[in-house]
Amino acid sequence: MSNLPAYFSAEIMPQPRYILAVESSCDDTGVAVIRGNEVLSNVIANQSVHEKYGGVVPELASRAHAQNIVPTLTEALNQANITPGDLSAVAYTYGPGLMGSLHVGVAFAKSWAWAHGIPSIPVNHMQAHVLAHFLGPKSNPKFPFICLTVSGGHTQLVKVKSALDMEVLGETRDDAAGEAFDKVAKLMGLPYPGGPVLDRLAREGDSKRYQFSRPRVAALDMSFSGLKTQIWQFLQQGQQQDPHFVRSNKNDIAASVQAAILGILMDKLQRAVDETGIQEVAIAGGVSANSGLRKLLLSKEEESGWKVHIPPFEYCTDNAAMIAMAGSKLIETGESFPLDIEPKPRLRFS
Ligand code: KG4
Ligand code: ZN
């Protein structure tokens, strides 16, 4: 069953096309409109409801998506100053992510597109994080490139051979890098999401004050759960000796924890470059907003032959503009997509 109208063909559609996208894989409801690589609107409704729980509560996330999705779409169309009739397609995230959250976006996006007689295009959220590099006027990475995709749910080293041909070279075997930031921040009594908070605290701290051992994981895979346990024990011991230990040393603790997490990422990235011989390097995902990681990569570019690509902040964390970009690359293949696509919480690269 195809949902592509008979007149739909990549060749006859106007260039560049207006594409609307819906993102609802976790706790951000996003709707964006792009035209070519130009982002006309990129609206995100953040869900503050999770803050008091110190993490995303799936049931609350789904409810908030259901509440936010129509106003977010209306706002995205208004900001882009277009009507539904201008659109060529609707792209939407169908995985990976939280089942309930994905359900809302998938059902809404397909129904809305169908009601307006335009095709709907399912997008892999992790592929879209990588393709965020093709948004906006800055220079694009050249294929093939290595992308370190670091988010709250995933940590992957990806060889990007073309926009839609990506190979995972290595990934975390347990927690994601963003999850490690968030969990340590929670142990320190800091608000959720902890990544940006630790990042800010680390800027004023001494990263060499506390040392943590690095896990030994084969090849290009990574692990962060051992580090988290090590830090938990370290914080417990510190608090036993001095009940104000964390509060009095929060900057140095944040800087040392950040250095440990970034150390693992940079080691594996270096290894991926050495093994593939590819020196075109990009980062993507929420943790690519980290100022320490950005600084390390820029100094690496200065001292080595690497060509480094860092996305603008607004395209690092979850957003719908990157989903629209992935949708536009999929349209170019001329492939048609059925309407019976369902959410895939554990979707991987094909
Ligand atoms: O890509 P993303 O928005 O959502 C997922 O697909 O998971 O990533 C969210 C993750 C969270 O774990 C958050 O703490 C982390 O990205 N993050 C950061 C920073 N900004 C966001 N981690 C470290 N430093 C930051 N500045
Ligand atoms: Zn993400």
# chains A, B, ... in the order shown; residues from 1 in each chain; ligands from 1
$ residues_near_ligand --ligand "ligand 2" --cutoff "7 Å" --atoms "only C-alpha atoms and all ligand atoms" --output "list in words"
His125, Met126, His129, Ser151, Gly152, Gly285, Gly286, Thr317 and Asp318 of chain A
$ write_last_selection --atoms "C-alpha atoms" --output "compact mmCIF listing (two decimals), in the first residue's frame"
# COMPACT_ATOMS: atom_id res chain seq x y z
CA HIS A 125 16.01 9.82 14.48
CA MET A 126 19.72 8.86 14.74
CA HIS A 129 20.98 13.78 14.05
CA SER A 151 22.71 11.83 22.82
CA GLY A 152 20.71 10.90 25.90
CA GLY A 285 23.28 14.79 19.21
CA GLY A 286 22.58 16.56 22.49
CA THR A 317 19.58 18.60 20.85
CA ASP A 318 16.33 17.09 19.57
$ closest_atom_pairs --of "chain A" --to "ligand 1" --cutoff "7 Å" --atoms "only C-alpha atoms and all ligand atoms" --output "JSON lines"
{"residue": "A:Cys26", "atom": "CA", "partner": "ligand 1", "partner_atom_place_in_ligand_line": "5 (C)", "distance": 6.9}
{"residue": "A:Val150", "atom": "CA", "partner": "ligand 1", "partner_atom_place_in_ligand_line": "1 (O)", "distance": 7.0}
{"residue": "A:Ser151", "atom": "CA", "partner": "ligand 1", "partner_atom_place_in_ligand_line": "8 (O)", "distance": 3.9}
{"residue": "A:Gly152", "atom": "CA", "partner": "ligand 1", "partner_atom_place_in_ligand_line": "7 (O)", "distance": 3.2}
{"residue": "A:Gly153", "atom": "CA", "partner": "ligand 1", "partner_atom_place_in_ligand_line": "7 (O)", "distance": 4.4}
{"residue": "A:His154", "atom": "CA", "partner": "ligand 1", "partner_atom_place_in_ligand_line": "7 (O)", "distance": 6.6}
{"residue": "A:Gly178", "atom": "CA", "partner": "ligand 1", "partner_atom_place_in_ligand_line": "12 (O)", "distance": 3.4}
{"residue": "A:Glu179", "atom": "CA", "partner": "ligand 1", "partner_atom_place_in_ligand_line": "12 (O)", "distance": 4.9}
{"residue": "A:Phe181", "atom": "CA", "partner": "ligand 1", "partner_atom_place_in_ligand_line": "14 (O)", "distance": 5.9}
{"residue": "A:Asp182", "atom": "CA", "partner": "ligand 1", "partner_atom_place_in_ligand_line": "14 (O)", "distance": 5.2}
{"residue": "A:Pro193", "atom": "CA", "partner": "ligand 1", "partner_atom_place_in_ligand_line": "14 (O)", "distance": 4.6}
{"residue": "A:Gly194", "atom": "CA", "partner": "ligand 1", "partner_atom_place_in_ligand_line": "14 (O)", "distance": 4.9}
{"residue": "A:Gly195", "atom": "CA", "partner": "ligand 1", "partner_atom_place_in_ligand_line": "14 (O)", "distance": 3.4}
{"residue": "A:Pro196", "atom": "CA", "partner": "ligand 1", "partner_atom_place_in_ligand_line": "26 (N)", "distance": 3.8}
{"residue": "A:Leu198", "atom": "CA", "partner": "ligand 1", "partner_atom_place_in_ligand_line": "24 (N)", "distance": 6.8}
{"residue": "A:Asp199", "atom": "CA", "partner": "ligand 1", "partner_atom_place_in_ligand_line": "24 (N)", "distance": 5.0}
{"residue": "A:Gly285", "atom": "CA", "partner": "ligand 1", "partner_atom_place_in_ligand_line": "1 (O)", "distance": 4.0}
{"residue": "A:Gly286", "atom": "CA", "partner": "ligand 1", "partner_atom_place_in_ligand_line": "8 (O)", "distance": 3.3}
{"residue": "A:Val287", "atom": "CA", "partner": "ligand 1", "partner_atom_place_in_ligand_line": "22 (N)", "distance": 3.9}
{"residue": "A:Ser288", "atom": "CA", "partner": "ligand 1", "partner_atom_place_in_ligand_line": "19 (C)", "distance": 6.8}
{"residue": "A:Ala289", "atom": "CA", "partner": "ligand 1", "partner_atom_place_in_ligand_line": "26 (N)", "distance": 4.5}
{"residue": "A:Asn290", "atom": "CA", "partner": "ligand 1", "partner_atom_place_in_ligand_line": "26 (N)", "distance": 3.5}
{"residue": "A:Ser291", "atom": "CA", "partner": "ligand 1", "partner_atom_place_in_ligand_line": "26 (N)", "distance": 6.1}
{"residue": "A:Cys316", "atom": "CA", "partner": "ligand 1", "partner_atom_place_in_ligand_line": "1 (O)", "distance": 6.4}
{"residue": "A:Thr317", "atom": "CA", "partner": "ligand 1", "partner_atom_place_in_ligand_line": "3 (O)", "distance": 3.3}
{"residue": "A:Asp318", "atom": "CA", "partner": "ligand 1", "partner_atom_place_in_ligand_line": "3 (O)", "distance": 3.9}
$ write_last_selection --atoms "C-alpha atoms" --output "PDB file, in the first residue's frame"
ATOM      1  CA  CYS A  26      11.458  11.551  23.688  1.00  0.00           C
ATOM      2  CA  VAL A 150      26.164  11.415  21.307  1.00  0.00           C
ATOM      3  CA  SER A 151      22.714  11.825  22.821  1.00  0.00           C
ATOM      4  CA  GLY A 152      20.714  10.898  25.901  1.00  0.00           C
ATOM      5  CA  GLY A 153      19.786   7.506  24.481  1.00  0.00           C
ATOM      6  CA  HIS A 154      22.643   6.656  22.099  1.00  0.00           C
ATOM      7  CA  GLY A 178      24.256  11.914  27.780  1.00  0.00           C
ATOM      8  CA  GLU A 179      22.752   9.449  30.224  1.00  0.00           C
ATOM      9  CA  PHE A 181      26.033  13.156  32.376  1.00  0.00           C
ATOM     10  CA  ASP A 182      22.394  13.091  33.547  1.00  0.00           C
ATOM     11  CA  PRO A 193      18.752  17.360  32.282  1.00  0.00           C
ATOM     12  CA  GLY A 194      22.135  17.327  33.977  1.00  0.00           C
ATOM     13  CA  GLY A 195      24.377  17.559  30.889  1.00  0.00           C
ATOM     14  CA  PRO A 196      24.113  21.339  30.362  1.00  0.00           C
ATOM     15  CA  LEU A 198      27.529  19.918  34.509  1.00  0.00           C
ATOM     16  CA  ASP A 199      28.904  21.656  31.422  1.00  0.00           C
ATOM     17  CA  GLY A 285      23.283  14.788  19.214  1.00  0.00           C
ATOM     18  CA  GLY A 286      22.578  16.563  22.494  1.00  0.00           C
ATOM     19  CA  VAL A 287      26.059  16.064  23.986  1.00  0.00           C
ATOM     20  CA  SER A 288      27.616  17.772  20.948  1.00  0.00           C
ATOM     21  CA  ALA A 289      26.368  20.995  22.601  1.00  0.00           C
ATOM     22  CA  ASN A 290      28.984  20.393  25.328  1.00  0.00           C
ATOM     23  CA  SER A 291      31.476  23.243  25.390  1.00  0.00           C
ATOM     24  CA  CYS A 316      22.396  19.493  18.470  1.00  0.00           C
ATOM     25  CA  THR A 317      19.575  18.595  20.851  1.00  0.00           C
ATOM     26  CA  ASP A 318      16.329  17.090  19.569  1.00  0.00           C
TER      27      ASP A 318
END
$ residues_around --residues "Arg173 (chain A)" --least-positions-apart "2" --cutoff "10 Å" --atoms "only C-alpha atoms" --output "PyMOL selection string"
chain A and resi 154-155+170-171+175-176+217+221-225
$ select_by_dssp --residues "region 67-300 of chain A" --states "helix (DSSP H, G or I)" --output "JSON, numbers by chain"
{"A": [67, 68, 69, 70, 71, 72, 73, 74, 75, 76, 77, 78, 79, 80, 84, 85, 86, 99, 100, 101, 102, 103, 104, 105, 106, 107, 108, 109, 110, 111, 112, 113, 114, 115, 125, 126, 127, 128, 129, 130, 131, 132, 133, 134, 177, 178, 179, 180, 181, 182, 183, 184, 185, 186, 187, 194, 195, 196, 197, 198, 199, 200, 201, 202, 225, 226, 227, 228, 229, 230, 231, 232, 233, 234, 235, 236, 237, 238, 239, 240, 241, 245, 246, 247, 248, 250, 251, 252, 253, 254, 255, 256, 257, 258, 259, 260, 261, 262, 263, 264, 265, 266, 267, 268, 269, 270, 271, 272, 273, 274, 275, 276, 286, 287, 288, 289, 291, 292, 293, 294, 295, 296, 297, 298, 299, 300]}
$ closest_residue --among "A:Leu169, A:Val49, A:Ala76, A:Leu265" --to "Val31 (chain A)" --atoms "only C-alpha atoms"
A:Ala76
$ residues_around --residues "Thr72 (chain A)" --least-positions-apart "3" --cutoff "7 Å" --atoms "only C-alpha atoms" --output "JSON, numbers by chain"
{"A": [30, 31, 43, 45, 68, 69, 75, 76]}
$ write_last_selection --atoms "all heavy atoms" --output "CSV table (one decimal), in the first residue's frame"
chain,number,residue,atom,x,y,z
A,30,GLY,N,8.6,18.6,18.6
A,30,GLY,CA,9.1,19.6,17.6
A,30,GLY,C,8.4,19.5,16.3
A,30,GLY,O,8.0,18.4,15.8
A,31,VAL,N,8.2,20.7,15.7
A,31,VAL,CA,7.7,20.8,14.3
A,31,VAL,C,8.5,21.8,13.6
A,31,VAL,O,8.8,22.9,14.2
A,31,VAL,CB,6.2,21.1,14.3
A,31,VAL,CG1,5.7,21.2,12.8
A,31,VAL,CG2,5.3,20.1,15.1
A,43,VAL,N,10.2,24.9,15.7
A,43,VAL,CA,9.5,25.1,17.0
A,43,VAL,C,9.7,23.9,17.9
A,43,VAL,O,9.4,22.8,17.5
A,43,VAL,CB,8.1,25.5,16.8
A,43,VAL,CG1,7.4,25.8,18.1
A,43,VAL,CG2,7.9,26.6,15.8
A,45,ALA,N,8.5,22.5,21.8
A,45,ALA,CA,7.8,22.6,23.1
A,45,ALA,C,8.5,21.7,24.0
A,45,ALA,O,8.4,20.5,24.0
A,45,ALA,CB,6.4,22.2,22.9
A,68,ASN,N,0.7,19.1,23.1
A,68,ASN,CA,1.5,20.2,22.4
A,68,ASN,C,1.5,20.1,20.9
A,68,ASN,O,1.8,21.1,20.3
A,68,ASN,CB,2.9,20.1,22.9
A,68,ASN,CG,3.1,20.4,24.4
A,68,ASN,OD1,2.3,21.1,24.9
A,68,ASN,ND2,4.2,19.9,25.0
A,69,ILE,N,1.2,18.9,20.3
A,69,ILE,CA,1.5,18.8,18.9
A,69,ILE,C,0.8,19.7,18.0
A,69,ILE,O,1.4,20.3,17.1
A,69,ILE,CB,1.4,17.3,18.5
A,69,ILE,CG1,2.3,17.0,17.3
A,69,ILE,CG2,0.0,16.8,18.3
A,69,ILE,CD1,2.9,15.6,17.3
A,75,GLU,N,2.1,26.9,15.1
A,75,GLU,CA,3.2,27.9,15.3
A,75,GLU,C,4.3,27.7,14.2
A,75,GLU,O,4.7,28.7,13.7
A,75,GLU,CB,3.8,27.7,16.7
A,75,GLU,CG,4.9,28.7,17.1
A,75,GLU,CD,4.5,30.2,17.1
A,75,GLU,OE1,3.3,30.4,17.2
A,75,GLU,OE2,5.4,31.0,16.9
A,76,ALA,N,4.6,26.5,13.9
A,76,ALA,CA,5.7,26.3,12.9
A,76,ALA,C,5.2,26.8,11.5
A,76,ALA,O,6.0,27.4,10.8
A,76,ALA,CB,6.0,24.8,12.8
$ closest_residue --among "A:Asp165, A:Glu314, A:Asp28, A:Asp252" --to "Asn42 (chain A)" --atoms "only C-alpha atoms"
A:Glu314
